[in-house]
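Asker: Below is structure.cif; it holds mmCIF, C-alpha atoms.
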```cif
data_structure
loop_
_atom_site.label_atom_id
_atom_site.label_comp_id
_atom_site.auth_asym_id
_atom_site.auth_seq_id
_atom_site.Cartn_x
_atom_site.Cartn_y
_atom_site.Cartn_z
CA MET A 1 -36.01 106.36 -98.17
CA LYS A 2 -36.10 105.03 -101.74
CA GLU A 3 -32.29 104.82 -101.85
CA THR A 4 -32.24 102.89 -98.57
CA LEU A 5 -34.86 100.46 -99.88
CA VAL A 6 -32.96 99.88 -103.12
CA ARG A 7 -29.72 99.40 -101.18
CA THR A 8 -31.39 96.93 -98.81
CA LEU A 9 -33.05 94.88 -101.56
CA SER A 10 -29.90 94.62 -103.68
CA GLY A 11 -27.89 93.71 -100.57
CA VAL A 12 -30.35 90.96 -99.58
CA LEU A 13 -30.28 89.56 -103.13
CA TYR A 14 -26.47 89.62 -103.18
CA ILE A 15 -26.20 87.86 -99.78
CA SER A 16 -28.85 85.29 -100.73
CA ILE A 17 -27.11 84.33 -103.96
CA ILE A 18 -23.76 83.94 -102.19
CA ILE A 19 -25.12 81.82 -99.31
CA ILE A 20 -27.21 79.57 -101.59
CA ALA A 21 -24.22 78.95 -103.88
CA MET A 22 -21.97 78.19 -100.89
CA PHE A 23 -24.27 75.50 -99.50
CA THR A 24 -25.13 73.93 -102.87
CA SER A 25 -21.74 72.40 -103.70
CA ARG A 26 -18.09 73.31 -103.98
CA GLU A 27 -18.44 73.51 -107.77
CA TRP A 28 -21.29 76.02 -107.51
CA PHE A 29 -19.29 77.97 -104.95
CA MET A 30 -16.20 78.03 -107.17
CA GLY A 31 -18.25 78.94 -110.24
CA LEU A 32 -20.01 81.85 -108.53
CA PHE A 33 -16.82 83.24 -107.02
CA PHE A 34 -15.00 82.95 -110.32
CA ILE A 35 -17.73 85.12 -111.88
CA LEU A 36 -17.50 87.57 -108.96
CA ALA A 37 -13.71 87.63 -109.35
CA VAL A 38 -13.93 88.35 -113.10
CA ILE A 39 -16.30 91.27 -112.52
CA THR A 40 -14.24 92.62 -109.61
CA LEU A 41 -11.03 92.32 -111.63
CA SER A 42 -12.67 94.17 -114.51
CA GLU A 43 -13.68 97.01 -112.19
CA TYR A 44 -10.20 97.15 -110.68
CA LEU A 45 -8.50 97.27 -114.08
CA LYS A 46 -10.67 100.24 -115.01
CA LEU A 47 -9.73 102.03 -111.79
CA VAL A 48 -5.98 101.67 -112.43
CA HIS A 49 -6.35 102.29 -116.19
CA LEU A 50 -4.98 98.94 -117.30
CA THR A 51 -6.26 96.97 -120.29
CA SER A 52 -5.07 93.40 -119.98
CA TYR A 53 -6.34 90.03 -121.19
CA LEU A 54 -3.38 88.46 -119.37
CA ALA A 55 -4.94 89.42 -116.04
CA TYR A 56 -8.03 87.30 -116.79
CA PHE A 57 -5.85 84.36 -117.84
CA LEU A 58 -3.88 84.65 -114.58
CA LEU A 59 -7.15 84.74 -112.65
CA ALA A 60 -8.43 81.58 -114.34
CA ALA A 61 -5.09 79.81 -113.82
CA GLY A 62 -4.99 80.87 -110.17
CA PHE A 63 -8.50 79.58 -109.55
CA TYR A 64 -7.85 76.21 -111.19
CA PHE A 65 -4.30 75.42 -110.05
CA LEU A 66 -4.31 77.13 -106.63
CA SER A 67 -7.97 77.00 -105.52
CA TYR A 68 -9.85 74.12 -107.11
CA ASN A 69 -7.10 71.61 -107.92
CA VAL A 70 -4.03 72.69 -105.92
CA PHE A 71 -0.93 71.43 -107.74
CA ASP A 72 1.50 72.15 -104.90
CA ASP A 73 1.02 73.31 -101.31
CA ASN A 74 4.35 75.15 -101.40
CA ALA A 75 2.97 77.36 -104.17
CA ILE A 76 0.13 78.35 -101.83
CA TYR A 77 2.57 79.21 -99.06
CA LEU A 78 4.71 81.29 -101.43
CA LEU A 79 1.63 83.13 -102.71
CA LEU A 80 0.56 83.76 -99.12
CA ILE A 81 3.91 85.30 -98.17
CA LEU A 82 4.10 87.49 -101.28
CA SER A 83 0.47 88.57 -100.89
CA GLY A 84 1.11 89.55 -97.28
CA PHE A 85 4.05 91.72 -98.28
CA VAL A 86 2.14 93.40 -101.14
CA ASN A 87 -0.88 94.07 -98.93
CA LEU A 88 1.31 95.61 -96.24
CA PHE A 89 3.03 97.80 -98.86
CA LEU A 90 -0.42 98.94 -100.01
CA LEU A 91 -1.15 99.87 -96.40
CA LYS A 92 2.10 101.86 -96.31
CA ASP A 93 1.08 103.68 -99.49
CA VAL A 94 -2.30 104.53 -97.96
CA LEU A 95 -0.79 105.94 -94.78
CA TRP A 96 2.32 107.74 -95.99
CA THR A 97 2.06 108.60 -99.69
CA SER A 98 -0.22 111.09 -101.38
CA LYS A 99 -0.77 108.72 -104.30
CA ILE A 100 -0.30 104.97 -104.70
CA PRO A 101 2.40 104.75 -107.42
CA MET A 102 0.61 102.72 -110.08
CA PHE A 103 3.13 102.40 -112.88
CA GLU A 104 2.77 99.42 -115.24
CA LYS A 105 4.79 96.82 -113.33
CA LYS A 106 3.15 97.61 -110.01
CA LYS A 107 -0.26 97.35 -111.61
CA TYR A 108 0.41 93.68 -112.41
CA ILE A 109 1.86 93.10 -108.94
CA THR A 110 -1.36 94.33 -107.32
CA VAL A 111 -3.50 92.43 -109.85
CA VAL A 112 -1.80 89.14 -108.94
CA PHE A 113 -0.96 89.53 -105.24
CA TYR A 114 -3.88 91.71 -104.15
CA ILE A 115 -6.96 91.03 -106.29
CA ILE A 116 -6.37 87.51 -107.65
CA SER A 117 -4.72 86.17 -104.49
CA GLY A 118 -7.52 87.67 -102.39
CA PHE A 119 -10.04 85.53 -104.25
CA VAL A 120 -7.76 82.49 -104.23
CA PHE A 121 -7.49 82.52 -100.43
CA LEU A 122 -11.18 83.31 -100.13
CA THR A 123 -11.97 80.08 -101.97
CA LEU A 124 -9.34 78.11 -100.03
CA ILE A 125 -10.74 79.02 -96.60
CA PRO A 126 -13.67 76.53 -96.72
CA VAL A 127 -11.27 73.60 -97.30
CA MET A 128 -9.10 74.47 -94.30
CA ASN A 129 -9.16 71.01 -92.73
CA ILE A 130 -6.97 67.90 -92.75
CA ASP A 131 -8.93 65.91 -95.33
CA GLY A 132 -9.65 68.89 -97.60
CA ARG A 133 -13.41 68.49 -97.18
CA PHE A 134 -15.51 71.44 -98.31
CA MET A 135 -16.97 73.24 -95.27
CA PRO A 136 -19.29 76.02 -96.47
CA GLU A 137 -20.21 77.00 -92.90
CA LEU A 138 -16.66 78.29 -92.37
CA ILE A 139 -16.66 80.71 -95.30
CA VAL A 140 -20.26 81.73 -94.53
CA ALA A 141 -19.13 82.53 -90.97
CA VAL A 142 -16.25 84.66 -92.28
CA PHE A 143 -18.65 86.58 -94.52
CA ILE A 144 -21.00 87.10 -91.57
CA LEU A 145 -18.08 88.61 -89.64
CA VAL A 146 -17.38 90.94 -92.58
CA TRP A 147 -21.02 91.93 -93.03
CA SER A 148 -21.42 92.52 -89.28
CA ASN A 149 -18.33 94.72 -89.23
CA ASP A 150 -19.53 96.73 -92.24
CA THR A 151 -23.10 97.10 -90.95
CA PHE A 152 -22.19 98.15 -87.41
CA ALA A 153 -19.45 100.48 -88.70
CA TYR A 154 -22.00 102.17 -90.98
CA LEU A 155 -24.73 102.47 -88.33
CA ILE A 156 -22.48 103.62 -85.48
CA GLY A 157 -20.46 105.93 -87.71
CA LYS A 158 -23.54 107.53 -89.24
CA ASN A 159 -25.30 108.13 -85.92
CA PHE A 160 -22.44 108.70 -83.48
CA GLY A 161 -19.31 109.34 -85.56
CA LYS A 162 -17.48 112.56 -84.72
CA HIS A 163 -13.76 111.83 -85.03
CA LYS A 164 -12.45 111.11 -88.53
CA LEU A 165 -10.46 107.92 -89.05
CA LEU A 166 -8.51 108.96 -92.17
CA GLU A 167 -10.31 111.99 -93.60
CA ARG A 168 -8.01 112.64 -96.57
CA ILE A 169 -8.88 109.20 -97.98
CA SER A 170 -12.39 108.46 -96.73
CA PRO A 171 -14.16 111.51 -95.21
CA LYS A 172 -17.14 109.49 -93.96
CA LYS A 173 -15.18 106.94 -91.95
CA THR A 174 -14.89 107.66 -88.24
CA ILE A 175 -13.07 106.20 -85.27
CA GLU A 176 -16.44 105.57 -83.62
CA GLY A 177 -17.58 103.67 -86.72
CA PHE A 178 -14.41 101.57 -86.71
CA ILE A 179 -14.87 100.68 -83.03
CA GLY A 180 -18.56 99.96 -83.63
CA GLY A 181 -17.71 97.70 -86.57
CA MET A 182 -15.19 95.80 -84.46
CA ALA A 183 -17.78 95.39 -81.69
CA GLY A 184 -20.29 94.10 -84.26
CA ALA A 185 -17.79 91.57 -85.61
CA LEU A 186 -16.93 90.40 -82.07
CA LEU A 187 -20.62 90.00 -81.27
CA ALA A 188 -21.12 88.04 -84.50
CA GLY A 189 -18.12 85.83 -83.64
CA TYR A 190 -19.63 85.01 -80.25
CA ILE A 191 -23.04 84.22 -81.78
CA ILE A 192 -21.44 82.01 -84.46
CA PHE A 193 -19.57 80.10 -81.77
CA LYS A 194 -22.74 79.53 -79.72
CA VAL A 195 -24.77 78.46 -82.78
CA LEU A 196 -22.12 76.00 -83.98
CA GLU A 197 -21.74 74.70 -80.44
CA HIS A 198 -25.49 74.15 -80.13
CA TYR A 199 -25.75 72.44 -83.52
CA SER A 200 -22.50 70.50 -83.23
CA GLN A 201 -24.20 67.39 -84.65
CA LEU A 202 -24.91 69.23 -87.90
CA TYR A 203 -21.63 71.12 -88.22
CA ALA A 204 -18.16 69.67 -87.71
CA LEU A 205 -16.67 73.14 -87.26
CA GLU A 206 -15.47 72.98 -83.67
CA TYR A 207 -13.36 76.12 -83.23
CA PRO A 208 -13.01 77.45 -79.66
CA LEU A 209 -14.37 80.89 -78.81
CA TRP A 210 -10.93 82.55 -78.79
CA MET A 211 -10.47 81.63 -82.48
CA TRP A 212 -13.70 83.34 -83.46
CA ILE A 213 -12.67 86.39 -81.43
CA VAL A 214 -9.30 86.57 -83.19
CA MET A 215 -10.93 86.07 -86.62
CA ALA A 216 -13.40 88.86 -85.83
CA LEU A 217 -10.51 91.18 -84.95
CA ILE A 218 -8.62 90.22 -88.13
CA VAL A 219 -11.69 90.88 -90.25
CA ALA A 220 -12.45 94.20 -88.53
CA ILE A 221 -8.89 95.54 -88.75
CA PHE A 222 -7.80 94.25 -92.16
CA GLY A 223 -11.27 94.63 -93.65
CA THR A 224 -11.22 98.33 -92.74
CA ILE A 225 -7.73 98.67 -94.23
CA GLY A 226 -8.97 97.01 -97.44
CA ASP A 227 -11.84 99.47 -97.60
CA LEU A 228 -9.45 102.40 -97.16
CA ILE A 229 -7.14 101.08 -99.89
CA GLN A 230 -10.06 100.82 -102.30
CA SER A 231 -11.19 104.31 -101.34
CA LYS A 232 -7.73 105.63 -102.22
CA PHE A 233 -7.80 103.87 -105.59
CA LYS A 234 -11.20 105.45 -106.31
CA ARG A 235 -9.99 108.86 -105.16
CA GLN A 236 -6.99 108.64 -107.51
CA ALA A 237 -9.27 107.53 -110.35
CA GLY A 238 -11.72 110.36 -109.59
CA VAL A 239 -14.80 108.11 -109.27
CA LYS A 240 -17.38 107.58 -106.52
CA ASP A 241 -17.96 103.86 -107.09
CA SER A 242 -16.00 101.10 -108.81
CA GLY A 243 -19.04 100.06 -110.86
CA ILE A 244 -22.84 100.11 -111.12
CA ILE A 245 -23.73 96.41 -111.00
CA MET A 246 -25.29 96.65 -107.51
CA PRO A 247 -27.92 99.41 -107.18
CA GLY A 248 -27.33 101.46 -104.06
CA HIS A 249 -23.92 99.86 -103.46
CA GLY A 250 -21.88 100.51 -106.60
CA GLY A 251 -19.69 97.77 -107.98
CA LEU A 252 -18.71 94.35 -106.71
CA TYR A 253 -15.28 95.69 -105.81
CA ASP A 254 -17.08 98.14 -103.52
CA ARG A 255 -18.74 95.22 -101.72
CA LEU A 256 -15.82 92.79 -101.68
CA ASP A 257 -12.87 95.12 -100.98
CA SER A 258 -12.81 94.24 -97.27
CA ILE A 259 -12.84 90.46 -97.65
CA ILE A 260 -10.42 90.50 -100.60
CA TYR A 261 -7.81 92.26 -98.49
CA ALA A 262 -8.53 90.32 -95.29
CA SER A 263 -8.74 86.81 -96.77
CA PRO A 264 -4.96 86.09 -96.91
CA PHE A 265 -4.64 87.10 -93.24
CA VAL A 266 -7.64 84.97 -92.21
CA TYR A 267 -6.17 82.03 -94.16
CA ALA A 268 -2.74 82.56 -92.57
CA PHE A 269 -4.29 82.57 -89.09
CA LEU A 270 -6.22 79.35 -89.74
CA LEU A 271 -3.12 77.75 -91.26
CA ILE A 272 -1.00 78.63 -88.22
CA VAL A 273 -3.62 77.34 -85.79
CA ASP A 274 -4.04 74.14 -87.80
CA ASN A 275 -0.29 73.45 -87.86
CA VAL A 276 0.20 74.26 -84.18
CA SER A 277 -2.75 72.16 -83.05
#
```
Please express the file's structure as structure tokens.
Answerer:
Amino acid sequence: MKETLVRTLSGVLYISIIIIAMFTSREWFMGLFFILAVITLSEYLKLVHLTSYLAYFLLAAGFYFLSYNVFDDNAIYLLLILSGFVNLFLLKDVLWTSKIPMFEKKKYITVVFYIISGFVFLTLIPVMNIDGRFMPELIVAVFILVWSNDTFAYLIGKNFGKHKLLERISPKKTIEGFIGGMAGALLAGYIIFKVLEHYSQLYALEYPLWMWIVMALIVAIFGTIGDLIQSKFKRQAGVKDSGIIMPGHGGLYDRLDSIIYASPFVYAFLLIVDNVS
């Protein structure tokens, strides 16, 4: 009971800080997520046993030149393509190799095209419109999809889970939990659509229902993959959590692994829809 209370309180505090920063201004949003990215990167570097000041410099450069003050759209597209390939190779390593081969060069590849790029696209999502206007409701909606997926996956898996999803990597994850998480994300997508439709005078985010359904599926599928990849990193490192900054949850990497992995795919979907429409 005490553990559940601590987990709930720290989770509420974490969500409150993120939402408040998002709706304050783009600068506050960028500042908070840069801090989150630094902490997450630090936890990741410990997991893969890499000591590197260069990684923090690359993170800062990525945030400034690719997130806050984009110097070239083509650089974003190139990063998106490379990040997609690296993320899919990480999926391959999860499914078909006993250990993710983390020699020095590949460590930097994952640092740049998995961790850093995940945060870059996360901070680019709320400016996914023609005039580049900051739309915090979009990134808040994406986070709600992630949180809904995680919450429903946990509740359904804990109470009804019988069939293991990928036991050798994450013994607690079940097929029932995965399906429940997807259902939760789909339900959240429908509710978001109805809320934005009802308050259309307040929010200029006019995505049709099918887009929210597709985004919910992207978040549920790729978010789960991101969680499994992080679980494999932790298993290789021989640790239970990536950090201790969030009581009852572990580290920030533990909380953001799903959205870090899913963000390039969400961004790619929005980019495709924007160009087609």
Asker: Which residue, A:Leu9, A:Trp28, A:Ile125, A:Phe34, has the smallest gap to Leu271 of chain A when you use all atoms listed in the file?
Answerer: A:Ile125
Asker: Under the PyMOL selection byres ((chain A and resi 139-146) around 10), which residues of this model are included? Write them out as a ChimeraX atom specification.
Answerer: /A:15,18-19,22-23,122-128,134-138,147-151,181-182,184-189,192-193,212,215-220,223-224,256,258-259,262-263,266
Asker: Generate the output file for the selected residues, C-alpha atoms, as a short mmCIF file (atom, residue, chain, number, x, y, z; two decimals), keeping the file's coordinate frame.
Answerer:
```
data_model
loop_
_atom_site.label_atom_id
_atom_site.label_comp_id
_atom_site.auth_asym_id
_atom_site.auth_seq_id
_atom_site.Cartn_x
_atom_site.Cartn_y
_atom_site.Cartn_z
CA ILE A 15 -26.20 87.86 -99.78
CA ILE A 18 -23.76 83.94 -102.19
CA ILE A 19 -25.12 81.82 -99.31
CA MET A 22 -21.97 78.19 -100.89
CA PHE A 23 -24.27 75.50 -99.50
CA LEU A 122 -11.18 83.31 -100.13
CA THR A 123 -11.97 80.08 -101.97
CA LEU A 124 -9.34 78.11 -100.03
CA ILE A 125 -10.74 79.02 -96.60
CA PRO A 126 -13.67 76.53 -96.72
CA VAL A 127 -11.27 73.60 -97.30
CA MET A 128 -9.10 74.47 -94.30
CA PHE A 134 -15.51 71.44 -98.31
CA MET A 135 -16.97 73.24 -95.27
CA PRO A 136 -19.29 76.02 -96.47
CA GLU A 137 -20.21 77.00 -92.90
CA LEU A 138 -16.66 78.29 -92.37
CA TRP A 147 -21.02 91.93 -93.03
CA SER A 148 -21.42 92.52 -89.28
CA ASN A 149 -18.33 94.72 -89.23
CA ASP A 150 -19.53 96.73 -92.24
CA THR A 151 -23.10 97.10 -90.95
CA GLY A 181 -17.71 97.70 -86.57
CA MET A 182 -15.19 95.80 -84.46
CA GLY A 184 -20.29 94.10 -84.26
CA ALA A 185 -17.79 91.57 -85.61
CA LEU A 186 -16.93 90.40 -82.07
CA LEU A 187 -20.62 90.00 -81.27
CA ALA A 188 -21.12 88.04 -84.50
CA GLY A 189 -18.12 85.83 -83.64
CA ILE A 192 -21.44 82.01 -84.46
CA PHE A 193 -19.57 80.10 -81.77
CA TRP A 212 -13.70 83.34 -83.46
CA MET A 215 -10.93 86.07 -86.62
CA ALA A 216 -13.40 88.86 -85.83
CA LEU A 217 -10.51 91.18 -84.95
CA ILE A 218 -8.62 90.22 -88.13
CA VAL A 219 -11.69 90.88 -90.25
CA ALA A 220 -12.45 94.20 -88.53
CA GLY A 223 -11.27 94.63 -93.65
CA THR A 224 -11.22 98.33 -92.74
CA LEU A 256 -15.82 92.79 -101.68
CA SER A 258 -12.81 94.24 -97.27
CA ILE A 259 -12.84 90.46 -97.65
CA ALA A 262 -8.53 90.32 -95.29
CA SER A 263 -8.74 86.81 -96.77
CA VAL A 266 -7.64 84.97 -92.21
#
```
Asker: With segment 38-60 of chain A as the partner and 8 Å as the cut-off, tabulate the residues of segment 233-267 of chain A that qualify, each row holding the nearest pair of atoms and their distance in Å to one decimal, using all atoms listed in the file, sorted by chain and rising number, as a tab-separated table.
Answerer:
```
residue	atom	partner	partner_atom	distance
A:Phe233	CA	A:Leu47	CA	6.7
A:Lys234	CA	A:Leu47	CA	6.6
A:Ala237	CA	A:Leu47	CA	5.7
A:Ser242	CA	A:Glu43	CA	5.8
A:Gly243	CA	A:Glu43	CA	6.3
A:Gly251	CA	A:Glu43	CA	7.4
A:Leu252	CA	A:Thr40	CA	5.6
A:Tyr253	CA	A:Thr40	CA	5.0
```
Asker: Spell out the residues picked by the PyMOL selection byres ((chain A and resi 205) around 9) here, as a list of chain:residue names.
Answerer: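 With the PyMOL selection byres ((chain A and resi 205) around 9) on this model, the match is A:Met135, A:Glu137, A:Leu138, A:Leu196, A:Glu197, A:Ser200, A:Tyr203, A:Ala204, A:Glu206, A:Tyr207.
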Asker: Give me a file of those residues, with C-alpha atoms, as a JSON list (two decimals), keeping the file's coordinate frame.
Answerer:
```json
[["chain", "number", "residue", "atom", "x", "y", "z"],
["A", 135, "MET", "CA", -16.97, 73.24, -95.27],
["A", 137, "GLU", "CA", -20.21, 77.00, -92.90],
["A", 138, "LEU", "CA", -16.66, 78.29, -92.37],
["A", 196, "LEU", "CA", -22.12, 76.00, -83.98],
["A", 197, "GLU", "CA", -21.74, 74.70, -80.44],
["A", 200, "SER", "CA", -22.50, 70.50, -83.23],
["A", 203, "TYR", "CA", -21.63, 71.12, -88.22],
["A", 204, "ALA", "CA", -18.16, 69.67, -87.71],
["A", 206, "GLU", "CA", -15.47, 72.98, -83.67],
["A", 207, "TYR", "CA", -13.36, 76.12, -83.23]]
```
Asker: Taking all atoms listed in the file into account, which of A:Ala21, A:Ala37, A:Ile169, A:Ile76 comes nearest Ile260 of chain A?
Answerer: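 Looking at the shortest contact to Ile260 of chain A, the residue is A:Ala37.
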Asker: Taking the file as I've supplied it (selection: the PyMOL selection byres ((chain A and resi 154) around 10)), which residues are included? Please answer as a list in words.
Answerer: Ser148, Asn149, Asp150, Thr151, Phe152, Ala153, Leu155, Ile156, Gly157, Lys158, Asn159, Phe160, Gly161, Lys172, Lys173, Thr174, Glu176, Gly177, Phe178, Gly180 and Gly181 of chain A
Asker: Hey, which of A:Gly238, A:Phe119, A:Leu95, A:Leu79 ends up closest to Phe63 of chain A? Count only C-alpha atoms.
Answerer: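 Between A:Gly238, A:Phe119, A:Leu95, A:Leu79, the residue approaching Phe63 of chain A most closely is A:Phe119.
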Asker: I need the residue nearest Asp274 of chain A from this list: A:Ile100, A:Ala75, A:Met211, A:Val239. Use all atoms listed in the file for the distance.
Answerer: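 Closest residue, counting all atoms listed in the file: A:Met211.
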Asker: Pick the closest to Leu165 of chain A from A:Tyr199, A:Val120, A:Tyr77, A:Leu228: which is it, counting all atoms listed in the file?
Answerer: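 Among the listed residues, the smallest separation from Leu165 of chain A belongs to A:Leu228.
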Asker: Give the answer as one residue: which of A:Leu90, A:Ile109, A:Leu80, A:Ile175 has the shortest atom-to-atom distance to Tyr267 of chain A, using all atoms listed in the file?
Answerer: A:Leu80
Asker: Between atom CA of Ile179 of chain A and atom CA of Leu36 of chain A, measure the distance and give it in Å to one decimal.
Answerer: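 If I compute the distance from atom CA of Ile179 of chain A to atom CA of Leu36 of chain A, I get 29.2 Å.
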Asker: One number please: atom CA of Ser16 of chain A to atom CA of Ala61 of chain A, in Å, one decimal.
Answerer: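 These two atoms are separated by 27.7 Å.
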Asker: Which value, in Å to one decimal, gives the distance between atom CA of Asp227 of chain A and atom CA of Ile17 of chain A?
Answerer: 22.4 Å
Asker: Give me the residues within 10 Å of Leu91 of chain A as a PDB file with C-alpha atoms, in the coordinates of the input, counting all atoms listed in the file and dropping any in the same chain fewer than 5 places off.
Answerer:
```pdb
ATOM      1  CA  PHE A  85       4.050  91.720 -98.280  1.00  0.00           C
ATOM      2  CA  VAL A  86       2.140  93.400-101.140  1.00  0.00           C
ATOM      3  CA  TRP A  96       2.320 107.740 -95.990  1.00  0.00           C
ATOM      4  CA  THR A  97       2.060 108.600 -99.690  1.00  0.00           C
ATOM      5  CA  ILE A 100      -0.300 104.970-104.700  1.00  0.00           C
ATOM      6  CA  PHE A 222      -7.800  94.250 -92.160  1.00  0.00           C
ATOM      7  CA  ILE A 225      -7.730  98.670 -94.230  1.00  0.00           C
ATOM      8  CA  GLY A 226      -8.970  97.010 -97.440  1.00  0.00           C
ATOM      9  CA  LEU A 228      -9.450 102.400 -97.160  1.00  0.00           C
ATOM     10  CA  ILE A 229      -7.140 101.080 -99.890  1.00  0.00           C
TER      11      ILE A 229
END
```
Asker: Any idea what's packed within 9 Å of Val112 of chain A, counting only C-alpha atoms, ignoring anything in its chain fewer than 2 positions away? Could you give it as a list in words?
Answerer: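 In the requested form, the answer reads Ala55, Leu58, Leu59, Gly62, Ser83, Lys107, Tyr108, Ile109, Thr110, Tyr114, Ile115, Ile116, Ser117 and Gly118 of chain A.
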